[in-house]
>>> print(open('final00.cif').read())   # mmCIF, C-alpha atoms and all ligand atoms
data_start
#
loop_
_atom_site.label_atom_id
_atom_site.label_comp_id
_atom_site.auth_asym_id
_atom_site.auth_seq_id
_atom_site.Cartn_x
_atom_site.Cartn_y
_atom_site.Cartn_z
CA MET A 1 19.94 42.25 2.03
CA ILE A 2 20.38 46.00 1.53
CA ASP A 3 17.55 48.22 2.77
CA ILE A 4 17.75 51.97 2.40
CA ASP A 5 14.88 53.64 4.16
CA ASN A 6 14.28 57.35 3.66
CA VAL A 7 17.99 58.19 3.87
CA VAL A 8 19.10 61.81 4.03
CA ALA A 9 22.82 62.60 3.64
CA GLY A 10 25.19 65.25 2.38
CA TYR A 11 28.74 66.52 2.57
CA THR A 12 28.00 69.77 4.37
CA ALA A 13 25.49 70.65 7.05
CA GLU A 14 23.46 72.95 4.77
CA ILE A 15 22.96 70.83 1.66
CA ASP A 16 21.22 67.47 1.42
CA ILE A 17 22.42 65.43 -1.55
CA LEU A 18 20.29 62.40 -0.70
CA ARG A 19 16.81 63.67 0.05
CA GLY A 20 14.83 60.74 1.36
CA MET A 21 16.21 57.83 -0.63
CA THR A 22 14.40 54.50 -0.34
CA LEU A 23 15.44 51.30 -2.08
CA ALA A 24 16.11 47.63 -1.47
CA VAL A 25 18.30 44.90 -2.93
CA ARG A 26 17.44 41.25 -2.30
CA PRO A 27 19.98 38.43 -1.85
CA ALA A 28 21.97 37.57 -5.01
CA GLU A 29 20.24 40.25 -7.05
CA ILE A 30 22.07 42.56 -9.43
CA VAL A 31 20.49 46.00 -9.13
CA THR A 32 21.63 49.02 -11.14
CA LEU A 33 21.40 52.68 -10.18
CA LEU A 34 20.96 55.02 -13.14
CA GLY A 35 20.59 58.77 -13.35
CA PRO A 36 22.24 61.97 -14.58
CA ASN A 37 25.64 63.25 -13.42
CA GLY A 38 25.46 64.73 -9.96
CA CYS A 39 22.12 63.17 -8.95
CA GLY A 40 23.68 61.38 -5.99
CA LYS A 41 24.53 57.86 -7.21
CA SER A 42 28.07 57.78 -5.82
CA THR A 43 26.90 59.58 -2.70
CA LEU A 44 24.39 56.78 -2.09
CA LEU A 45 27.05 54.08 -2.45
CA LYS A 46 29.38 56.04 -0.15
CA THR A 47 26.58 56.32 2.40
CA ILE A 48 25.83 52.59 2.27
CA ALA A 49 29.56 51.85 2.61
CA GLY A 50 29.87 54.23 5.57
CA TYR A 51 32.08 56.99 4.12
CA LEU A 52 29.20 59.32 4.84
CA LEU A 53 26.93 58.88 7.84
CA PRO A 54 23.27 59.62 7.10
CA ARG A 55 21.59 62.39 9.06
CA GLY A 56 18.19 60.83 8.54
CA GLY A 57 16.71 57.45 7.73
CA ARG A 58 18.22 54.01 8.03
CA VAL A 59 20.73 51.79 6.23
CA THR A 60 20.10 48.11 6.99
CA LEU A 61 22.51 45.40 5.82
CA ARG A 62 21.60 41.73 6.32
CA GLY A 63 18.81 42.86 8.64
CA LYS A 64 21.08 44.92 10.88
CA ASP A 65 20.74 48.69 11.23
CA VAL A 66 24.23 49.94 10.37
CA SER A 67 23.41 53.58 9.71
CA GLN A 68 26.02 54.95 12.07
CA ILE A 69 28.84 52.48 11.47
CA PRO A 70 31.94 53.84 9.71
CA VAL A 71 33.48 52.26 6.63
CA HIS A 72 36.25 50.13 8.15
CA HIS A 73 33.72 48.39 10.39
CA LYS A 74 31.36 47.78 7.53
CA ILE A 75 34.00 46.26 5.34
CA ARG A 76 35.36 44.09 8.10
CA HIS A 77 32.23 43.09 9.97
CA CYS A 78 29.27 43.56 7.63
CA SER A 79 30.47 41.42 4.73
CA LEU A 80 30.56 44.44 2.46
CA GLY A 81 32.83 45.02 -0.53
CA PHE A 82 33.12 48.43 -2.19
CA VAL A 83 34.76 49.42 -5.47
CA PRO A 84 34.80 53.23 -5.69
CA GLN A 85 34.44 55.21 -8.91
CA THR A 86 38.08 56.33 -9.05
CA GLU A 87 41.42 55.20 -7.66
CA ASN A 88 40.21 51.69 -7.03
CA VAL A 89 43.55 49.90 -7.41
CA PHE A 90 47.04 50.61 -6.07
CA SER A 91 49.05 51.28 -9.24
CA ALA A 92 52.47 50.98 -7.62
CA LEU A 93 51.67 47.55 -6.16
CA THR A 94 51.57 44.25 -8.02
CA ILE A 95 48.40 42.29 -8.65
CA ARG A 96 49.38 39.93 -5.82
CA GLU A 97 49.93 42.85 -3.45
CA ASN A 98 46.64 44.50 -4.40
CA LEU A 99 44.82 41.27 -3.58
CA GLN A 100 46.74 40.97 -0.32
CA VAL A 101 45.52 44.44 0.64
CA GLY A 102 41.97 43.19 0.06
CA GLY A 103 42.74 40.18 2.25
CA HIS A 104 44.39 42.19 5.00
CA TYR A 105 42.25 40.75 7.78
CA MET A 106 42.34 37.17 6.52
CA ALA A 107 44.57 34.40 7.88
CA LYS A 108 47.60 33.93 5.62
CA ALA A 109 46.67 30.48 4.32
CA ASP A 110 43.09 31.54 3.65
CA CYS A 111 44.30 34.66 1.86
CA ALA A 112 46.52 32.53 -0.40
CA ARG A 113 43.66 30.10 -1.10
CA ARG A 114 41.32 32.96 -1.93
CA MET A 115 43.86 34.50 -4.32
CA GLU A 116 44.01 31.16 -6.15
CA GLU A 117 40.22 31.00 -6.36
CA LEU A 118 40.00 34.50 -7.78
CA CYS A 119 42.80 33.87 -10.28
CA ALA A 120 40.85 30.81 -11.44
CA LEU A 121 37.71 32.92 -11.78
CA TYR A 122 39.55 35.78 -13.54
CA PRO A 123 42.56 34.25 -15.37
CA ILE A 124 44.03 37.62 -16.37
CA LEU A 125 45.02 38.16 -12.74
CA GLY A 126 47.06 34.98 -12.59
CA ARG A 127 48.78 35.73 -15.88
CA LYS A 128 50.00 39.10 -14.58
CA PHE A 129 50.31 38.16 -10.93
CA ASP A 130 53.66 39.81 -10.20
CA ALA A 131 53.31 42.77 -12.56
CA ARG A 132 52.44 46.20 -11.22
CA ALA A 133 48.81 47.25 -11.53
CA ALA A 134 50.12 50.32 -13.41
CA SER A 135 50.88 48.02 -16.33
CA MET A 136 47.28 46.83 -16.64
CA SER A 137 44.71 48.11 -19.14
CA GLY A 138 41.58 49.89 -17.91
CA GLY A 139 39.48 46.73 -18.16
CA GLU A 140 42.09 44.62 -16.38
CA ARG A 141 42.22 47.17 -13.59
CA GLN A 142 38.45 47.01 -13.15
CA ILE A 143 38.70 43.25 -12.81
CA LEU A 144 41.51 43.65 -10.28
CA ALA A 145 39.45 46.18 -8.32
CA LEU A 146 36.53 43.76 -8.33
CA ALA A 147 38.75 40.86 -7.21
CA ARG A 148 40.35 42.96 -4.46
CA ALA A 149 36.91 43.73 -3.06
CA LEU A 150 35.99 40.04 -3.31
CA MET A 151 39.02 38.83 -1.33
CA PRO A 152 37.26 38.59 2.07
CA ARG A 153 34.26 36.82 0.45
CA PRO A 154 31.76 39.64 0.88
CA GLU A 155 28.06 38.93 0.65
CA ILE A 156 27.36 42.43 -0.63
CA LEU A 157 29.23 44.29 -3.33
CA LEU A 158 28.89 47.97 -4.22
CA LEU A 159 30.33 48.90 -7.63
CA ASP A 160 30.63 52.48 -8.82
CA GLU A 161 30.71 52.57 -12.64
CA PRO A 162 32.65 49.36 -13.22
CA SER A 163 32.54 49.90 -17.00
CA ALA A 164 33.71 53.53 -17.04
CA GLY A 165 36.10 54.21 -19.91
CA LEU A 166 35.98 50.68 -21.32
CA SER A 167 35.56 49.67 -24.95
CA PRO A 168 32.40 47.68 -25.75
CA LYS A 169 34.30 44.38 -25.86
CA VAL A 170 36.04 44.90 -22.53
CA LEU A 171 32.82 46.24 -21.03
CA HIS A 172 31.24 42.87 -21.81
CA GLU A 173 34.14 41.06 -20.18
CA VAL A 174 33.79 43.12 -17.01
CA PHE A 175 30.02 42.63 -16.94
CA ASP A 176 30.48 38.88 -17.52
CA ALA A 177 32.88 38.88 -14.56
CA ILE A 178 30.19 40.52 -12.43
CA VAL A 179 27.52 38.01 -13.45
CA GLN A 180 29.96 35.17 -12.84
CA VAL A 181 30.61 36.24 -9.27
CA ARG A 182 26.89 36.58 -8.58
CA ASP A 183 26.17 33.15 -10.05
CA GLN A 184 29.09 31.35 -8.42
CA GLU A 185 29.27 33.06 -5.04
CA ARG A 186 25.72 34.37 -4.67
CA VAL A 187 26.96 37.90 -4.03
CA THR A 188 24.34 40.65 -3.79
CA ILE A 189 25.35 43.47 -6.13
CA LEU A 190 24.34 47.12 -6.26
CA MET A 191 26.07 49.02 -9.04
CA VAL A 192 26.04 52.48 -10.53
CA GLU A 193 26.27 52.60 -14.32
CA GLN A 194 26.19 55.11 -17.16
CA ASN A 195 26.02 52.40 -19.81
CA ALA A 196 22.35 52.00 -19.03
CA MET A 197 21.25 49.51 -21.66
CA GLU A 198 24.28 47.28 -21.17
CA ALA A 199 23.86 47.38 -17.40
CA LEU A 200 20.15 46.57 -17.61
CA ARG A 201 20.96 43.50 -19.68
CA ILE A 202 22.77 41.90 -16.71
CA SER A 203 20.54 43.38 -13.98
CA ASP A 204 17.45 42.00 -12.29
CA ARG A 205 16.09 45.43 -11.39
CA ALA A 206 17.06 49.06 -11.59
CA TYR A 207 16.39 52.40 -9.92
CA VAL A 208 16.53 55.69 -11.78
CA LEU A 209 17.57 58.49 -9.43
CA SER A 210 16.85 62.15 -9.84
CA MET A 211 18.03 64.94 -7.54
CA GLY A 212 18.66 62.76 -4.53
CA SER A 213 15.66 60.45 -4.61
CA VAL A 214 14.17 57.60 -6.62
CA ALA A 215 12.34 58.78 -9.75
CA LEU A 216 11.49 55.38 -11.09
CA THR A 217 12.06 51.69 -10.44
CA GLY A 218 11.19 48.36 -12.01
CA ASP A 219 12.39 45.08 -13.48
CA ALA A 220 15.35 45.64 -15.78
CA ALA A 221 13.66 43.88 -18.68
CA ALA A 222 10.49 45.95 -18.30
CA LEU A 223 12.46 49.20 -18.10
CA MET A 224 14.37 48.31 -21.26
CA ARG A 225 11.13 47.68 -23.14
CA ASP A 226 9.43 50.89 -21.99
CA GLU A 227 9.65 53.40 -24.83
CA LYS A 228 9.10 56.41 -22.59
CA VAL A 229 11.67 55.30 -20.04
CA ARG A 230 14.22 54.74 -22.79
CA GLU A 231 13.62 58.18 -24.21
CA LEU A 232 13.66 60.03 -20.88
CA TYR A 233 16.28 58.19 -18.90
CA LEU A 234 18.21 55.66 -20.90
CA GLY A 235 19.52 57.64 -23.82
CA GLY A 236 17.38 56.52 -26.72
CA ARG A 237 16.52 53.27 -28.38
CA ALA A 238 17.35 49.71 -27.46
CA HIS A 239 19.79 48.10 -29.86
N1 LIG B 1 33.34 65.07 -1.60
C1 LIG B 1 32.34 65.91 -1.87
N2 LIG B 1 32.21 67.09 -1.21
C2 LIG B 1 31.19 67.96 -1.47
N3 LIG B 1 30.25 67.74 -2.40
C3 LIG B 1 30.33 66.59 -3.10
C4 LIG B 1 31.37 65.63 -2.88
N4 LIG B 1 31.18 64.60 -3.72
C5 LIG B 1 30.08 64.90 -4.44
N5 LIG B 1 29.56 66.08 -4.07
C6 LIG B 1 28.34 66.71 -4.64
O1 LIG B 1 27.24 65.83 -4.43
C7 LIG B 1 26.40 65.83 -5.59
C8 LIG B 1 26.19 64.39 -6.04
O2 LIG B 1 27.44 63.84 -6.41
P1 LIG B 1 27.64 62.32 -6.74
O3 LIG B 1 29.11 62.08 -6.85
O4 LIG B 1 26.88 61.48 -5.79
O5 LIG B 1 26.94 62.22 -8.17
P2 LIG B 1 26.82 61.02 -9.18
O6 LIG B 1 25.37 60.78 -9.41
O7 LIG B 1 27.65 59.88 -8.74
O8 LIG B 1 27.42 61.68 -10.51
P3 LIG B 1 28.40 61.08 -11.66
O9 LIG B 1 27.45 60.39 -12.60
O10 LIG B 1 28.98 62.30 -12.27
O11 LIG B 1 29.40 60.18 -11.03
C9 LIG B 1 27.06 66.73 -6.62
O12 LIG B 1 26.41 67.95 -6.60
C10 LIG B 1 28.49 66.86 -6.13
O13 LIG B 1 29.00 68.13 -6.46
MG MG B 2 29.39 59.03 -9.44
#
>>> encode(input="final00.cif", output="structure tokens")
Amino acid sequence: MIDIDNVVAGYTAEIDILRGMTLAVRPAEIVTLLGPNGCGKSTLLKTIAGYLLPRGGRVTLRGKDVSQIPVHHKIRHCSLGFVPQTENVFSALTIRENLQVGGHYMAKADCARRMEELCALYPILGRKFDARAASMSGGERQILALARALMPRPEILLLDEPSAGLSPKVLHEVFDAIVQVRDQERVTILMVEQNAMEALRISDRAYVLSMGSVALTGDAAALMRDEKVRELYLGGRAH
């Protein structure tokens, strides 16, 4: 579904941030990207989404080489949804308006139907439908950001730290929302997370990145059990 083959990318001509990145996500999988601050996790998601164009290697989505396609094309034509790490909702707009932005290219009736579906999936959105996003808590905003990206029924979803800044209880709600959308809509999900153990619990597989390439990969359950992996990459013991 997502195939990243030896991708090289960076923000300036001199420095490569991604230095030959290779990974794959299969249909309806949840795959987590782990790794220290600055190792290139967000840069990889931005490159898949098309904010950055790779200078080497290939990005293939649904079997199509889309390496050189910019972001607006990918979101509209490649069935891709992206929730960036920061500024992922429009605070001054209401929940309804945020969802309408996500459904910008949809026919009006379909957009309305989809908003109803998403409000059924995530009831908090319906309860606050005409309130401004600014009045939402951090967890509620993450769910709104997720729902906005889901408006056009993407097949692929890229999530950059969906649990950032959330309390453990709300983190579980957001992760449950992610699992729900995979189970109900068969969405393929690639997400970056710092809450490694929690993320692995809902993931099928994971990649640990280091300095712009893959240091380690495996089944989430196997990675969680591996004492050495926990110590080196996942911040200690399983709990
Ligand atoms: N817009 C940008 N312009 C120039 N350099 C950038 C830009 N964004 C990120 N970088 C650099 O690219 C490198 C990787 O950043 P990236 O945001 O991908 O890291 P990350 O793994 O997502 O880290 P974090 O866990 O802190 O979110 C860093 O050295 C960073 O300084
Ligand atoms: Mg990041």
>>> residues_near_ligand(input="final00.cif", ligand="ligand MG 2 (chain B)", cutoff="9 Å", atoms="all atoms listed in the file", output="ChimeraX atom specification")
/A:37-43,45,84-85,160-161,192-193
>>> residues_near_ligand(input="final00.cif", ligand="ligand LIG 1 (chain B)", cutoff="12 Å", atoms="all atoms listed in the file", output="short mmCIF file (atom, residue, chain, number, x, y, z; two decimals) with C-alpha atoms, in the coordinates of the input")
data_model
loop_
_atom_site.label_atom_id
_atom_site.label_comp_id
_atom_site.auth_asym_id
_atom_site.auth_seq_id
_atom_site.Cartn_x
_atom_site.Cartn_y
_atom_site.Cartn_z
CA ALA A 9 22.82 62.60 3.64
CA GLY A 10 25.19 65.25 2.38
CA TYR A 11 28.74 66.52 2.57
CA THR A 12 28.00 69.77 4.37
CA ALA A 13 25.49 70.65 7.05
CA GLU A 14 23.46 72.95 4.77
CA ILE A 15 22.96 70.83 1.66
CA ASP A 16 21.22 67.47 1.42
CA ILE A 17 22.42 65.43 -1.55
CA LEU A 18 20.29 62.40 -0.70
CA ARG A 19 16.81 63.67 0.05
CA LEU A 33 21.40 52.68 -10.18
CA LEU A 34 20.96 55.02 -13.14
CA GLY A 35 20.59 58.77 -13.35
CA PRO A 36 22.24 61.97 -14.58
CA ASN A 37 25.64 63.25 -13.42
CA GLY A 38 25.46 64.73 -9.96
CA CYS A 39 22.12 63.17 -8.95
CA GLY A 40 23.68 61.38 -5.99
CA LYS A 41 24.53 57.86 -7.21
CA SER A 42 28.07 57.78 -5.82
CA THR A 43 26.90 59.58 -2.70
CA LEU A 44 24.39 56.78 -2.09
CA LEU A 45 27.05 54.08 -2.45
CA LYS A 46 29.38 56.04 -0.15
CA THR A 47 26.58 56.32 2.40
CA TYR A 51 32.08 56.99 4.12
CA LEU A 52 29.20 59.32 4.84
CA PRO A 84 34.80 53.23 -5.69
CA GLN A 85 34.44 55.21 -8.91
CA THR A 86 38.08 56.33 -9.05
CA LEU A 159 30.33 48.90 -7.63
CA ASP A 160 30.63 52.48 -8.82
CA GLU A 161 30.71 52.57 -12.64
CA PRO A 162 32.65 49.36 -13.22
CA ALA A 164 33.71 53.53 -17.04
CA MET A 191 26.07 49.02 -9.04
CA VAL A 192 26.04 52.48 -10.53
CA GLU A 193 26.27 52.60 -14.32
CA GLN A 194 26.19 55.11 -17.16
CA ASN A 195 26.02 52.40 -19.81
CA ALA A 196 22.35 52.00 -19.03
CA VAL A 208 16.53 55.69 -11.78
CA LEU A 209 17.57 58.49 -9.43
CA SER A 210 16.85 62.15 -9.84
CA MET A 211 18.03 64.94 -7.54
CA GLY A 212 18.66 62.76 -4.53
CA SER A 213 15.66 60.45 -4.61
CA VAL A 214 14.17 57.60 -6.62
#
>>> closest_residue(input="final00.cif", among="A:Gly50, A:Ile178, A:Glu140, A:Thr32", to="A:Met197", atoms="all atoms listed in the file")
A:Thr32
>>> atom_distance(input="final00.cif", atom1="atom CA of A:Ile189", atom2="atom CA of A:Arg113")
23.2 Å
>>> atom_distance(input="final00.cif", atom1="atom CA of A:Val181", atom2="atom CA of A:Arg153")
10.4 Å
